[in-house]
>>> print(open('target.csv').read())   # CSV, C-alpha atoms and all ligand atoms
chain,number,residue,atom,x,y,z
Z,1,ARG,CA,-6.0,-33.7,17.5
Z,2,ALA,CA,-5.5,-32.9,13.9
Z,3,PRO,CA,-7.9,-30.2,12.6
Z,4,ARG,CA,-11.0,-30.6,10.5
Z,5,ILE,CA,-10.3,-28.4,7.4
Z,6,ALA,CA,-12.7,-26.6,5.1
Z,7,LEU,CA,-11.2,-25.4,1.9
Z,8,VAL,CA,-13.3,-22.7,0.2
Z,9,GLY,CA,-12.3,-22.1,-3.4
Z,10,ALA,CA,-11.1,-25.7,-3.9
Z,11,THR,CA,-11.4,-25.6,-7.7
Z,12,GLY,CA,-9.5,-22.4,-8.2
Z,13,ALA,CA,-5.8,-22.1,-9.0
Z,14,VAL,CA,-4.9,-21.2,-5.4
Z,15,GLY,CA,-7.2,-23.9,-4.0
Z,16,GLU,CA,-5.7,-26.6,-6.2
Z,17,THR,CA,-2.2,-25.5,-5.3
Z,18,LEU,CA,-3.1,-25.6,-1.6
Z,19,ILE,CA,-4.4,-29.2,-2.0
Z,20,ARG,CA,-1.1,-30.3,-3.6
Z,21,LEU,CA,0.9,-28.5,-0.8
Z,22,ILE,CA,-1.2,-30.2,1.9
Z,23,GLU,CA,-0.2,-33.5,0.3
Z,24,ASP,CA,3.4,-32.7,-0.3
Z,25,ARG,CA,4.0,-31.2,3.1
Z,26,ALA,CA,2.0,-34.0,4.8
Z,27,PHE,CA,-0.2,-31.4,6.7
Z,28,ARG,CA,-2.2,-33.5,9.1
Z,29,TYR,CA,-6.0,-33.2,9.1
Z,30,ARG,CA,-8.9,-35.3,10.5
Z,31,GLU,CA,-11.4,-34.3,7.9
Z,32,ILE,CA,-11.2,-32.2,4.8
Z,33,HIS,CA,-14.3,-30.5,3.2
Z,34,LEU,CA,-13.8,-29.1,-0.3
Z,35,LEU,CA,-16.1,-26.1,-1.0
Z,36,ALA,CA,-16.7,-23.6,-3.8
Z,37,SER,CA,-19.3,-21.1,-5.0
Z,38,PRO,CA,-22.5,-22.8,-6.2
Z,39,ARG,CA,-21.3,-22.2,-9.8
Z,40,SER,CA,-18.0,-24.1,-9.3
Z,41,SER,CA,-19.3,-26.9,-7.0
Z,42,GLY,CA,-20.4,-30.4,-8.2
Z,43,ARG,CA,-16.9,-31.7,-9.2
Z,44,THR,CA,-14.9,-34.4,-7.5
Z,45,LEU,CA,-11.3,-33.7,-6.5
Z,46,HIS,CA,-8.7,-36.1,-4.9
Z,47,VAL,CA,-6.8,-35.3,-1.7
Z,48,ASP,CA,-4.2,-37.8,-0.6
Z,49,GLY,CA,-5.7,-40.3,-3.0
Z,50,VAL,CA,-9.2,-40.0,-1.6
Z,51,ALA,CA,-12.1,-38.6,-3.7
Z,52,HIS,CA,-14.0,-35.7,-2.2
Z,53,PRO,CA,-17.0,-33.9,-3.7
Z,54,VAL,CA,-16.8,-30.1,-4.0
Z,55,SER,CA,-19.9,-28.8,-2.2
Z,56,PRO,CA,-21.5,-25.4,-2.3
Z,57,VAL,CA,-20.2,-23.1,0.4
Z,58,ASP,CA,-23.7,-21.9,1.3
Z,59,THR,CA,-24.8,-25.3,2.5
Z,60,PHE,CA,-21.8,-26.0,4.7
Z,61,ASP,CA,-22.0,-25.7,8.5
Z,62,PHE,CA,-18.6,-24.2,9.5
Z,63,ALA,CA,-19.1,-25.7,13.0
Z,64,ASP,CA,-17.8,-28.8,11.3
Z,65,ALA,CA,-14.4,-27.2,10.7
Z,66,ASP,CA,-11.6,-26.1,13.0
Z,67,LEU,CA,-9.7,-24.4,10.2
Z,68,ALA,CA,-11.1,-22.8,7.0
Z,69,PHE,CA,-9.0,-21.6,4.1
Z,70,PHE,CA,-10.7,-19.0,1.8
Z,71,SER,CA,-9.5,-18.4,-1.7
Z,72,ALA,CA,-12.7,-17.9,-3.7
Z,73,GLY,CA,-12.6,-14.1,-4.1
Z,74,THR,CA,-13.2,-11.1,-1.9
Z,75,ASP,CA,-17.0,-11.2,-2.2
Z,76,VAL,CA,-17.2,-14.9,-1.0
Z,77,SER,CA,-14.8,-14.1,1.9
Z,78,ARG,CA,-16.8,-11.0,3.0
Z,79,LYS,CA,-20.0,-13.0,3.0
Z,80,TRP,CA,-18.7,-16.3,4.6
Z,81,ALA,CA,-15.5,-15.8,6.5
Z,82,PRO,CA,-17.0,-13.9,9.4
Z,83,GLU,CA,-19.8,-16.6,9.6
Z,84,ALA,CA,-17.1,-19.4,9.6
Z,85,ALA,CA,-15.2,-17.6,12.4
Z,86,ALA,CA,-18.4,-17.1,14.4
Z,87,ARG,CA,-19.1,-20.8,14.1
Z,88,GLY,CA,-15.7,-21.6,15.6
Z,89,ALA,CA,-13.4,-22.1,12.6
Z,90,LEU,CA,-10.1,-20.3,12.5
Z,91,VAL,CA,-10.1,-18.7,9.1
Z,92,ILE,CA,-7.0,-18.1,6.9
Z,93,ASP,CA,-8.2,-15.7,4.2
Z,94,ASN,CA,-6.3,-15.2,1.0
Z,95,THR,CA,-8.3,-12.3,-0.3
Z,96,ASN,CA,-8.2,-8.5,0.2
Z,97,ALA,CA,-11.4,-8.5,2.4
Z,98,PHE,CA,-9.8,-8.3,5.9
Z,99,ARG,CA,-6.1,-7.5,5.4
Z,100,MET,CA,-6.4,-4.0,6.8
Z,101,ASP,CA,-8.9,-4.8,9.5
Z,102,PRO,CA,-7.1,-3.9,12.8
Z,103,ARG,CA,-8.6,-7.0,14.5
Z,104,THR,CA,-7.1,-9.3,11.8
Z,105,PRO,CA,-3.3,-10.0,11.7
Z,106,LEU,CA,-1.7,-9.9,8.3
Z,107,VAL,CA,0.9,-12.6,8.4
Z,108,VAL,CA,4.0,-13.8,6.5
Z,109,PRO,CA,5.3,-16.5,8.8
Z,110,GLN,CA,9.0,-15.7,8.1
Z,111,VAL,CA,8.4,-12.1,9.2
Z,112,ASN,CA,5.8,-11.9,11.9
Z,113,ALA,CA,4.8,-15.4,13.0
Z,114,ASP,CA,4.6,-14.2,16.6
Z,115,LEU,CA,1.1,-12.8,15.8
Z,116,LEU,CA,-0.1,-16.4,15.6
Z,117,ALA,CA,0.5,-17.1,19.3
Z,118,ARG,CA,-3.2,-16.5,20.0
Z,119,ARG,CA,-6.5,-16.6,18.2
Z,120,PRO,CA,-7.2,-13.2,16.6
Z,121,ALA,CA,-10.1,-11.1,17.8
Z,122,SER,CA,-11.8,-11.4,14.4
Z,123,GLY,CA,-11.2,-15.2,14.1
Z,124,ILE,CA,-9.4,-14.5,10.8
Z,125,VAL,CA,-5.7,-14.4,9.8
Z,126,ALA,CA,-5.2,-12.6,6.5
Z,127,ASN,CA,-2.8,-13.8,3.9
Z,128,PRO,CA,-1.1,-10.9,2.1
Z,129,ASN,CA,-1.1,-10.1,-1.6
Z,130,CYS,CA,1.1,-12.2,-3.8
Z,131,SER,CA,3.6,-9.3,-4.7
Z,132,THR,CA,3.9,-8.1,-1.1
Z,133,ILE,CA,4.9,-11.5,0.5
Z,134,PRO,CA,8.3,-12.0,-1.2
Z,135,LEU,CA,9.2,-8.3,-0.9
Z,136,VAL,CA,8.6,-8.1,2.9
Z,137,ARG,CA,10.6,-11.3,3.5
Z,138,LEU,CA,13.6,-9.6,1.9
Z,139,LEU,CA,13.0,-6.1,3.5
Z,140,ARG,CA,12.8,-7.4,7.1
Z,141,PRO,CA,16.6,-8.0,7.6
Z,142,VAL,CA,17.4,-4.9,5.6
Z,143,GLU,CA,15.4,-2.8,8.1
Z,144,ASP,CA,17.0,-4.6,11.0
Z,145,ARG,CA,20.6,-4.0,9.8
Z,146,TRP,CA,20.6,-0.8,7.8
Z,147,GLY,CA,17.2,0.9,8.4
Z,148,LEU,CA,14.7,1.3,5.6
Z,149,ARG,CA,14.0,4.8,4.2
Z,150,LYS,CA,12.2,4.2,0.9
Z,151,VAL,CA,11.3,1.3,-1.4
Z,152,VAL,CA,10.5,1.8,-5.1
Z,153,VAL,CA,9.1,-1.3,-6.9
Z,154,SER,CA,8.1,-2.2,-10.4
Z,155,THR,CA,6.3,-5.5,-10.6
Z,156,TYR,CA,6.1,-7.9,-13.6
Z,157,GLN,CA,3.1,-10.0,-12.7
Z,158,ALA,CA,2.0,-13.3,-14.3
Z,159,ALA,CA,-1.3,-14.2,-15.8
Z,160,SER,CA,-2.0,-16.8,-13.0
Z,161,GLY,CA,-2.6,-13.9,-10.6
Z,162,ARG,CA,-6.1,-14.0,-12.2
Z,163,GLY,CA,-6.4,-17.7,-11.6
Z,164,HIS,CA,-7.2,-20.4,-14.2
Z,165,SER,CA,-9.1,-17.9,-16.3
Z,166,GLY,CA,-6.1,-15.6,-16.5
Z,167,THR,CA,-3.7,-18.3,-17.8
Z,168,ALA,CA,-6.4,-19.6,-20.2
Z,169,GLU,CA,-6.9,-16.2,-21.6
Z,170,LEU,CA,-3.2,-15.5,-22.1
Z,171,ARG,CA,-2.9,-18.9,-24.0
Z,172,GLU,CA,-5.9,-18.2,-26.2
Z,173,ALA,CA,-5.0,-14.5,-26.9
Z,174,THR,CA,-1.4,-15.6,-27.8
Z,175,ARG,CA,-2.7,-18.3,-30.3
Z,176,ALA,CA,-5.1,-15.7,-31.8
Z,177,ALA,CA,-2.3,-13.1,-32.2
Z,178,LEU,CA,0.1,-15.7,-33.8
Z,179,ALA,CA,-2.6,-16.5,-36.3
Z,180,ASP,CA,-3.5,-12.8,-37.0
Z,181,PRO,CA,-1.4,-10.0,-35.4
Z,182,ALA,CA,-4.5,-7.7,-35.5
Z,183,ASP,CA,-6.6,-10.2,-33.5
Z,184,ALA,CA,-6.5,-9.2,-29.8
Z,185,GLY,CA,-8.3,-12.4,-28.8
Z,186,PRO,CA,-10.4,-12.6,-25.6
Z,187,GLN,CA,-10.1,-9.7,-23.2
Z,188,ALA,CA,-12.2,-10.7,-20.2
Z,189,GLU,CA,-9.3,-10.8,-17.7
Z,190,PHE,CA,-6.8,-8.5,-19.4
Z,191,ARG,CA,-7.5,-5.3,-21.3
Z,192,PRO,CA,-5.9,-4.4,-23.6
Z,193,THR,CA,-4.8,-7.9,-24.6
Z,194,LEU,CA,-1.8,-9.4,-22.7
Z,195,ALA,CA,-0.5,-11.4,-25.7
Z,196,PHE,CA,2.8,-9.8,-26.8
Z,197,ASN,CA,2.1,-6.9,-24.6
Z,198,VAL,CA,2.7,-5.4,-21.1
Z,199,VAL,CA,-0.2,-3.8,-19.2
Z,200,PRO,CA,0.6,-1.3,-16.4
Z,201,PHE,CA,-2.8,-1.8,-14.7
Z,202,ILE,CA,-3.8,-4.4,-12.1
Z,203,ASP,CA,-7.1,-4.4,-10.1
Z,204,GLU,CA,-9.1,-1.2,-9.9
Z,205,LEU,CA,-8.1,2.5,-10.4
Z,206,LEU,CA,-8.2,4.7,-7.3
Z,207,ASP,CA,-8.8,8.4,-7.0
Z,208,SER,CA,-5.1,8.8,-6.2
Z,209,GLY,CA,-4.2,7.6,-9.7
Z,210,PHE,CA,-2.6,4.5,-8.2
Z,211,THR,CA,-4.2,1.1,-8.7
Z,212,MET,CA,-5.6,-1.0,-5.8
Z,213,GLU,CA,-2.7,-3.5,-6.4
Z,214,GLU,CA,-0.2,-0.7,-5.9
Z,215,GLN,CA,-2.0,0.6,-2.8
Z,216,LYS,CA,-2.0,-3.0,-1.4
Z,217,MET,CA,1.8,-3.2,-1.6
Z,218,LEU,CA,2.2,0.1,0.4
Z,219,GLN,CA,-0.4,-0.6,3.1
Z,220,GLU,CA,0.4,-4.3,3.5
Z,221,SER,CA,4.1,-3.8,3.7
Z,222,ARG,CA,3.6,-1.2,6.4
Z,223,LYS,CA,1.3,-3.4,8.4
Z,224,ILE,CA,3.5,-6.6,8.1
Z,225,LEU,CA,6.8,-4.9,8.9
Z,226,ASP,CA,5.1,-2.8,11.6
Z,227,LEU,CA,6.6,0.3,10.0
Z,228,PRO,CA,3.5,2.6,9.6
Z,229,HIS,CA,5.4,5.4,7.9
Z,230,LEU,CA,7.5,3.3,5.5
Z,231,ASP,CA,7.6,4.9,2.0
Z,232,VAL,CA,6.8,2.1,-0.5
Z,233,THR,CA,5.8,3.2,-4.0
Z,234,THR,CA,5.0,0.9,-6.8
Z,235,THR,CA,4.1,0.5,-10.5
Z,236,CYS,CA,2.3,-2.9,-10.9
Z,237,VAL,CA,2.5,-4.3,-14.4
Z,238,ARG,CA,0.9,-7.5,-15.9
Z,239,VAL,CA,3.3,-9.3,-18.3
Z,240,PRO,CA,2.7,-12.2,-20.7
Z,241,VAL,CA,4.1,-14.8,-18.3
Z,242,LEU,CA,2.0,-17.8,-17.2
Z,243,ASN,CA,3.2,-18.1,-13.6
Z,244,SER,CA,5.6,-16.5,-11.1
Z,245,HIS,CA,5.7,-12.7,-10.4
Z,246,SER,CA,8.9,-10.7,-10.7
Z,247,GLU,CA,9.8,-7.4,-9.1
Z,248,ALA,CA,12.6,-4.9,-9.6
Z,249,ALA,CA,13.1,-3.2,-6.2
Z,250,TRP,CA,15.1,-0.1,-5.4
Z,251,VAL,CA,15.8,0.1,-1.7
Z,252,GLU,CA,17.1,3.2,0.1
Z,253,CYS,CA,18.5,2.8,3.6
Z,254,ASP,CA,19.6,5.1,6.5
Z,255,ASP,CA,23.2,3.6,6.5
Z,256,SER,CA,25.6,2.5,3.7
Z,257,VAL,CA,25.1,-1.0,2.6
Z,258,ASP,CA,28.0,-3.4,2.0
Z,259,ARG,CA,27.1,-5.6,-1.0
Z,260,ALA,CA,28.8,-8.8,0.2
Z,261,GLU,CA,27.1,-8.5,3.6
Z,262,LEU,CA,23.7,-7.9,1.9
Z,263,VAL,CA,24.1,-11.0,-0.3
Z,264,ALA,CA,25.1,-13.0,2.8
Z,265,ARG,CA,22.2,-11.7,4.9
Z,266,LEU,CA,19.6,-12.4,2.1
Z,267,GLY,CA,21.1,-15.8,1.3
Z,268,ALA,CA,20.9,-16.8,5.0
Z,269,LEU,CA,17.1,-16.2,5.1
Z,270,PRO,CA,14.9,-19.3,5.2
Z,271,GLU,CA,13.7,-20.4,1.8
Z,272,VAL,CA,15.5,-17.7,-0.1
Z,273,THR,CA,18.0,-18.3,-2.9
Z,274,VAL,CA,20.4,-15.6,-3.9
Z,275,HIS,CA,21.7,-16.3,-7.4
Z,276,ASP,CA,25.0,-14.6,-7.5
Z,277,ARG,CA,27.1,-16.4,-5.0
Z,278,GLU,CA,29.1,-18.3,-7.7
Z,279,VAL,CA,28.3,-16.0,-10.6
Z,280,PRO,CA,28.0,-12.3,-9.7
Z,281,GLY,CA,25.3,-10.8,-11.9
Z,282,ALA,CA,23.4,-14.0,-12.3
Z,283,PHE,CA,19.6,-13.7,-12.2
Z,284,PRO,CA,16.5,-15.8,-11.8
Z,285,THR,CA,13.5,-15.8,-14.2
Z,286,PRO,CA,10.0,-17.2,-14.0
Z,287,ARG,CA,10.9,-19.9,-16.6
Z,288,THR,CA,14.2,-21.0,-15.1
Z,289,VAL,CA,13.9,-21.1,-11.4
Z,290,THR,CA,13.7,-24.7,-10.1
Z,291,GLU,CA,12.8,-24.4,-6.4
Z,292,ALA,CA,9.2,-23.2,-6.5
Z,293,ASP,CA,9.0,-22.8,-2.8
Z,294,HIS,CA,11.9,-20.3,-2.6
Z,295,VAL,CA,12.1,-16.6,-3.1
Z,296,HIS,CA,14.7,-16.0,-5.8
Z,297,VAL,CA,17.0,-12.9,-5.8
Z,298,GLY,CA,19.5,-11.7,-8.3
Z,299,ARG,CA,21.1,-8.6,-9.9
Z,300,VAL,CA,22.1,-7.3,-6.5
Z,301,ARG,CA,23.5,-3.8,-7.2
Z,302,VAL,CA,24.6,-1.3,-4.6
Z,303,SER,CA,24.6,2.2,-6.1
Z,304,PRO,CA,28.2,3.4,-6.8
Z,305,HIS,CA,27.0,7.0,-6.3
Z,306,ASP,CA,25.4,6.5,-2.9
Z,307,PRO,CA,25.9,3.1,-1.1
Z,308,ARG,CA,22.8,3.7,0.9
Z,309,GLY,CA,20.7,2.5,-2.1
Z,310,PHE,CA,20.6,-0.8,-3.9
Z,311,TRP,CA,18.6,-2.8,-6.5
Z,312,LEU,CA,17.2,-6.3,-6.2
Z,313,TRP,CA,15.6,-8.5,-8.9
Z,314,VAL,CA,13.1,-10.8,-7.3
Z,315,VAL,CA,11.2,-13.8,-8.7
Z,316,ALA,CA,8.6,-15.8,-6.7
Z,317,ASP,CA,5.9,-18.3,-7.6
Z,318,ASN,CA,2.7,-16.2,-7.0
Z,319,LEU,CA,0.4,-19.2,-6.5
Z,320,ARG,CA,2.7,-20.9,-4.0
Z,321,ILE,CA,4.9,-18.3,-2.1
Z,322,GLY,CA,2.4,-15.5,-2.9
Z,323,ALA,CA,-0.7,-17.4,-1.9
Z,324,ALA,CA,-1.1,-21.1,-1.0
Z,325,LEU,CA,2.2,-21.8,0.6
Z,326,ASN,CA,2.1,-18.7,2.8
Z,327,ALA,CA,-1.4,-19.8,3.8
Z,328,LEU,CA,-0.3,-23.3,4.7
Z,329,GLN,CA,2.8,-22.1,6.5
Z,330,ILE,CA,0.4,-19.9,8.6
Z,331,ALA,CA,-1.6,-23.1,9.4
Z,332,GLU,CA,1.6,-25.0,10.2
Z,333,GLU,CA,2.6,-22.2,12.7
Z,334,LEU,CA,-0.9,-22.2,14.3
Z,335,VAL,CA,-0.6,-25.9,14.9
Z,336,ALA,CA,3.0,-25.7,16.1
Z,337,ARG,CA,2.1,-22.9,18.6
Z,338,GLY,CA,-1.0,-24.8,19.8
Z,339,THR,CA,-3.3,-21.9,18.7
Z,340,LEU,CA,-5.3,-24.3,16.5
U,401,LIG,C1,-2.8,-10.5,-9.2
U,401,LIG,N1,-2.3,-9.7,-7.0
U,401,LIG,O1,-1.6,-10.8,-9.5
U,401,LIG,C2,-3.2,-10.4,-7.8
U,401,LIG,C3,-3.5,-11.8,-7.3
U,401,LIG,N2,-3.6,-11.8,-5.9
U,401,LIG,O2,-3.6,-10.2,-10.0
>>> encode(input="target.csv", output="structure tokens", more="lines below")
Ligand code: 2RA
Amino acid sequence: RAPRIALVGATGAVGETLIRLIEDRAFRYREIHLLASPRSSGRTLHVDGVAHPVSPVDTFDFADADLAFFSAGTDVSRKWAPEAAARGALVIDNTNAFRMDPRTPLVVPQVNADLLARRPASGIVANPNCSTIPLVRLLRPVEDRWGLRKVVVSTYQAASGRGHSGTAELREATRAALADPADAGPQAEFRPTLAFNVVPFIDELLDSGFTMEEQKMLQESRKILDLPHLDVTTTCVRVPVLNSHSEAAWVECDDSVDRAELVARLGALPEVTVHDREVPGAFPTPRTVTEADHVHVGRVRVSPHDPRGFWLWVVADNLRIGAALNALQIAEELVARGTL
């Protein structure tokens, strides 16, 4: 029987994207319950043409759901996801709350879907961070063929990583700066202002000097790829782009890499588009990619000095690939494997 779904965070950017994907991919459900924090509930949203009220999460009985998606922030997940799992729902959590919990699998279906063959001990499957997902999808075949030694990444992350309030603030700050270059505009989400700026700071600062976003990319890549000693080091940067994160990745391998083989292997991955098949040196950008459900790769450069190292330029829709689509593909796998 098709599952009964609870969707916590239905009014947020990821929640709304998930609703569109449920419709577009014809994900089957018996009931759908739209939930949000008390502050964001009270609205009505449509799913498959049917109007549903958005109810407060704290009044919902999760015994009425077989599958619960959470994307309402880490605090909401910490408070309600274990309760949902205890009441019998299988949780797919899009926050940082349980990603490193050993009882919780951290899943990118194109990489480690085998972990979905049974219900996890915690009752929760964690969805990785938006910058980690496209990266590990590309690193898996590289590890298998050439062996990974080290990965150095700079990210160029869009305002939508902070949800609707992030994109609204970028628009407003841009308008303010166009009217008066000295006006920084609102700075609730991004400080200093993101308008006509780049900001090398995402999430909180850790004692190590790295940010939490940078630490997530290291720890999550190790867990998903099952390479606990992999060296992944990152500088995460917010850029004035509305949607889609980009990454410049320098990858060092054990063995020499043949560029043509690398392009062929990456291009053969499911839902990956390599942009230099016809035009070597071609590149994707957040504004120009057309297939939102693909990871886009370009600027593939093997080092002429040491062919064990190469560069990739990567663009992926952070709300879809990096969040809602990955979560829904986890759900599709759980259904296909009979775990749900
Ligand atoms: C960001 N990584 O881009 C976050 C969203 N998960 O801010």
>>> residues_near_ligand(input="target.csv", ligand="ligand LIG 401 (chain U)", cutoff="6 Å", atoms="all atoms listed in the file", output="PyMOL selection string")
chain Z and resi 129-130+157+161-162
>>> atom_distance(input="target.csv", atom1="CA of His229 in chain Z", atom2="CA of Val295 in chain Z")
25.5 Å
>>> closest_residue(input="target.csv", among="Z:Leu242, Z:Ile5, Z:Ile321, Z:Val335", to="Ala168 in chain Z", atoms="only C-alpha atoms")
Z:Leu242
>>> residues_around(input="target.csv", residues="range 67-84 of chain Z", least_positions_apart="2", cutoff="8 Å", atoms="all atoms listed in the file", output="VMD selection string")
chain Z and resid 3 to 10 12 14 to 15 36 to 37 62 to 63 65 86 to 97 122 to 124 327 340
>>> residues_around(input="target.csv", residues="Thr234 in chain Z", least_positions_apart="6", cutoff="8 Å", atoms="only C-alpha atoms", output="ChimeraX atom specification")
/Z:152-155,214,217-218
>>> closest_residue(input="target.csv", among="Z:Leu328, Z:Ile224, Z:Leu266, Z:Ala2", to="Pro102 in chain Z", atoms="only C-alpha atoms")
Z:Ile224
>>> closest_residue(input="target.csv", among="Z:Ala26, Z:Ala292, Z:Val300, Z:Leu116", to="Gly322 in chain Z", atoms="all atoms listed in the file")
Z:Ala292
>>> atom_distance(input="target.csv", atom1="CA of Val297 in chain Z", atom2="CA of Val108 in chain Z")
17.9 Å
>>> residues_near_point(input="target.csv", point="(-1.1, -15.8, -27.0)", cutoff="10 Å", atoms="all atoms listed in the file", output="compact mmCIF listing (two decimals) with C-alpha atoms, keeping the file's coordinate frame")
# COMPACT_ATOMS: atom_id res chain seq x y z
CA THR Z 167 -3.70 -18.30 -17.80
CA ALA Z 168 -6.40 -19.60 -20.20
CA GLU Z 169 -6.90 -16.20 -21.60
CA LEU Z 170 -3.20 -15.50 -22.10
CA ARG Z 171 -2.90 -18.90 -24.00
CA GLU Z 172 -5.90 -18.20 -26.20
CA ALA Z 173 -5.00 -14.50 -26.90
CA THR Z 174 -1.40 -15.60 -27.80
CA ARG Z 175 -2.70 -18.30 -30.30
CA ALA Z 176 -5.10 -15.70 -31.80
CA ALA Z 177 -2.30 -13.10 -32.20
CA LEU Z 178 0.10 -15.70 -33.80
CA ALA Z 179 -2.60 -16.50 -36.30
CA ALA Z 184 -6.50 -9.20 -29.80
CA GLY Z 185 -8.30 -12.40 -28.80
CA PRO Z 186 -10.40 -12.60 -25.60
CA THR Z 193 -4.80 -7.90 -24.60
CA LEU Z 194 -1.80 -9.40 -22.70
CA ALA Z 195 -0.50 -11.40 -25.70
CA PHE Z 196 2.80 -9.80 -26.80
CA ASN Z 197 2.10 -6.90 -24.60
CA PRO Z 240 2.70 -12.20 -20.70
>>> closest_residue(input="target.csv", among="Z:Arg287, Z:Arg1, Z:Lys150, Z:Lys216", to="Leu230 in chain Z", atoms="all atoms listed in the file")
Z:Lys150
>>> residues_around(input="target.csv", residues="Pro53 in chain Z", least_positions_apart="5", cutoff="9 Å", atoms="all atoms listed in the file", output="ChimeraX atom specification")
/Z:33-35,41-46
>>> atom_distance(input="target.csv", atom1="CA of Ile22 in chain Z", atom2="CA of Glu332 in chain Z")
10.2 Å
>>> closest_residue(input="target.csv", among="Z:Val50, Z:Leu312, Z:Ala85, Z:Val107", to="Ala121 in chain Z", atoms="all atoms listed in the file")
Z:Ala85
>>> closest_residue(input="target.csv", among="Z:Val315, Z:Pro134, Z:Gly309, Z:Ala248", to="Pro109 in chain Z", atoms="only C-alpha atoms")
Z:Pro134
>>> residues_around(input="target.csv", residues="Glu204 in chain Z", least_positions_apart="2", cutoff="12 Å", atoms="all atoms listed in the file", output="list in words")
Pro200, Phe201, Ile202, Leu206, Asp207, Ser208, Gly209, Phe210, Thr211, Met212, Glu213, Glu214, Gln215, Lys216 and Cys236 of chain Z
>>> closest_atom_pairs(input="target.csv", of="range 176-281 of chain Z", to="range 135-139 of chain Z", cutoff="12 Å", atoms="only C-alpha atoms", output="CSV")
residue,atom,partner,partner_atom,distance
Z:Met217,CA,Z:Leu135,CA,9.0
Z:Leu218,CA,Z:Val136,CA,10.7
Z:Gln219,CA,Z:Val136,CA,11.7
Z:Glu220,CA,Z:Val136,CA,9.1
Z:Ser221,CA,Z:Val136,CA,6.3
Z:Arg222,CA,Z:Val136,CA,9.2
Z:Lys223,CA,Z:Val136,CA,10.3
Z:Ile224,CA,Z:Val136,CA,7.4
Z:Leu225,CA,Z:Val136,CA,7.0
Z:Asp226,CA,Z:Val136,CA,10.8
Z:Leu227,CA,Z:Leu139,CA,11.1
Z:Leu230,CA,Z:Leu139,CA,11.1
Z:Val232,CA,Z:Leu135,CA,10.7
Z:Thr234,CA,Z:Leu135,CA,11.7
Z:His245,CA,Z:Leu135,CA,11.0
Z:Ser246,CA,Z:Leu135,CA,10.1
Z:Glu247,CA,Z:Leu135,CA,8.3
Z:Ala248,CA,Z:Leu135,CA,9.9
Z:Ala249,CA,Z:Leu135,CA,8.3
Z:Trp250,CA,Z:Leu139,CA,10.9
Z:Val251,CA,Z:Leu139,CA,8.6
Z:Glu252,CA,Z:Leu139,CA,10.7
Z:Cys253,CA,Z:Leu139,CA,10.5
Z:Leu262,CA,Z:Leu138,CA,10.2
Z:Val263,CA,Z:Leu138,CA,10.8
Z:Arg265,CA,Z:Leu138,CA,9.3
Z:Leu266,CA,Z:Leu138,CA,6.6
Z:Gly267,CA,Z:Leu138,CA,9.7
Z:Ala268,CA,Z:Leu138,CA,10.7
Z:Leu269,CA,Z:Leu138,CA,8.1
Z:Pro270,CA,Z:Arg137,CA,9.2
Z:Glu271,CA,Z:Arg137,CA,9.8
Z:Val272,CA,Z:Leu138,CA,8.6
Z:Thr273,CA,Z:Leu138,CA,10.9
Z:Val274,CA,Z:Leu138,CA,10.8
>>> decode(input="target.csv", residues="range 20-30 of chain Z", atoms="N, CA and C atoms", output="PDB file, in the first residue's frame")
ATOM      1  N   ARG Z  20       6.480  19.909  -5.223  1.00  0.00           N
ATOM      2  CA  ARG Z  20       6.502  19.926  -6.710  1.00  0.00           C
ATOM      3  C   ARG Z  20       7.091  18.623  -7.244  1.00  0.00           C
ATOM      4  N   LEU Z  21       8.130  18.107  -6.589  1.00  0.00           N
ATOM      5  CA  LEU Z  21       8.764  16.868  -7.065  1.00  0.00           C
ATOM      6  C   LEU Z  21       7.860  15.659  -6.842  1.00  0.00           C
ATOM      7  N   ILE Z  22       7.133  15.645  -5.734  1.00  0.00           N
ATOM      8  CA  ILE Z  22       6.172  14.549  -5.485  1.00  0.00           C
ATOM      9  C   ILE Z  22       5.158  14.512  -6.625  1.00  0.00           C
ATOM     10  N   GLU Z  23       4.718  15.710  -7.063  1.00  0.00           N
ATOM     11  CA  GLU Z  23       3.765  15.775  -8.177  1.00  0.00           C
ATOM     12  C   GLU Z  23       4.435  15.350  -9.484  1.00  0.00           C
ATOM     13  N   ASP Z  24       5.601  15.946  -9.783  1.00  0.00           N
ATOM     14  CA  ASP Z  24       6.249  15.716 -11.085  1.00  0.00           C
ATOM     15  C   ASP Z  24       6.675  14.268 -11.263  1.00  0.00           C
ATOM     16  N   ARG Z  25       7.132  13.638 -10.163  1.00  0.00           N
ATOM     17  CA  ARG Z  25       7.631  12.263 -10.269  1.00  0.00           C
ATOM     18  C   ARG Z  25       6.553  11.238  -9.924  1.00  0.00           C
ATOM     19  N   ALA Z  26       5.313  11.747  -9.729  1.00  0.00           N
ATOM     20  CA  ALA Z  26       4.151  10.886  -9.458  1.00  0.00           C
ATOM     21  C   ALA Z  26       4.454   9.913  -8.314  1.00  0.00           C
ATOM     22  N   PHE Z  27       5.037  10.447  -7.240  1.00  0.00           N
ATOM     23  CA  PHE Z  27       5.292   9.609  -6.060  1.00  0.00           C
ATOM     24  C   PHE Z  27       3.946   9.272  -5.420  1.00  0.00           C
ATOM     25  N   ARG Z  28       3.684   7.990  -5.229  1.00  0.00           N
ATOM     26  CA  ARG Z  28       2.361   7.558  -4.769  1.00  0.00           C
ATOM     27  C   ARG Z  28       2.256   7.653  -3.245  1.00  0.00           C
ATOM     28  N   TYR Z  29       1.150   8.177  -2.792  1.00  0.00           N
ATOM     29  CA  TYR Z  29       0.879   8.259  -1.347  1.00  0.00           C
ATOM     30  C   TYR Z  29      -0.616   8.041  -1.125  1.00  0.00           C
ATOM     31  N   ARG Z  30      -0.919   7.607   0.097  1.00  0.00           N
ATOM     32  CA  ARG Z  30      -2.319   7.353   0.473  1.00  0.00           C
ATOM     33  C   ARG Z  30      -2.923   8.589   1.124  1.00  0.00           C
TER      34      ARG Z  30
END
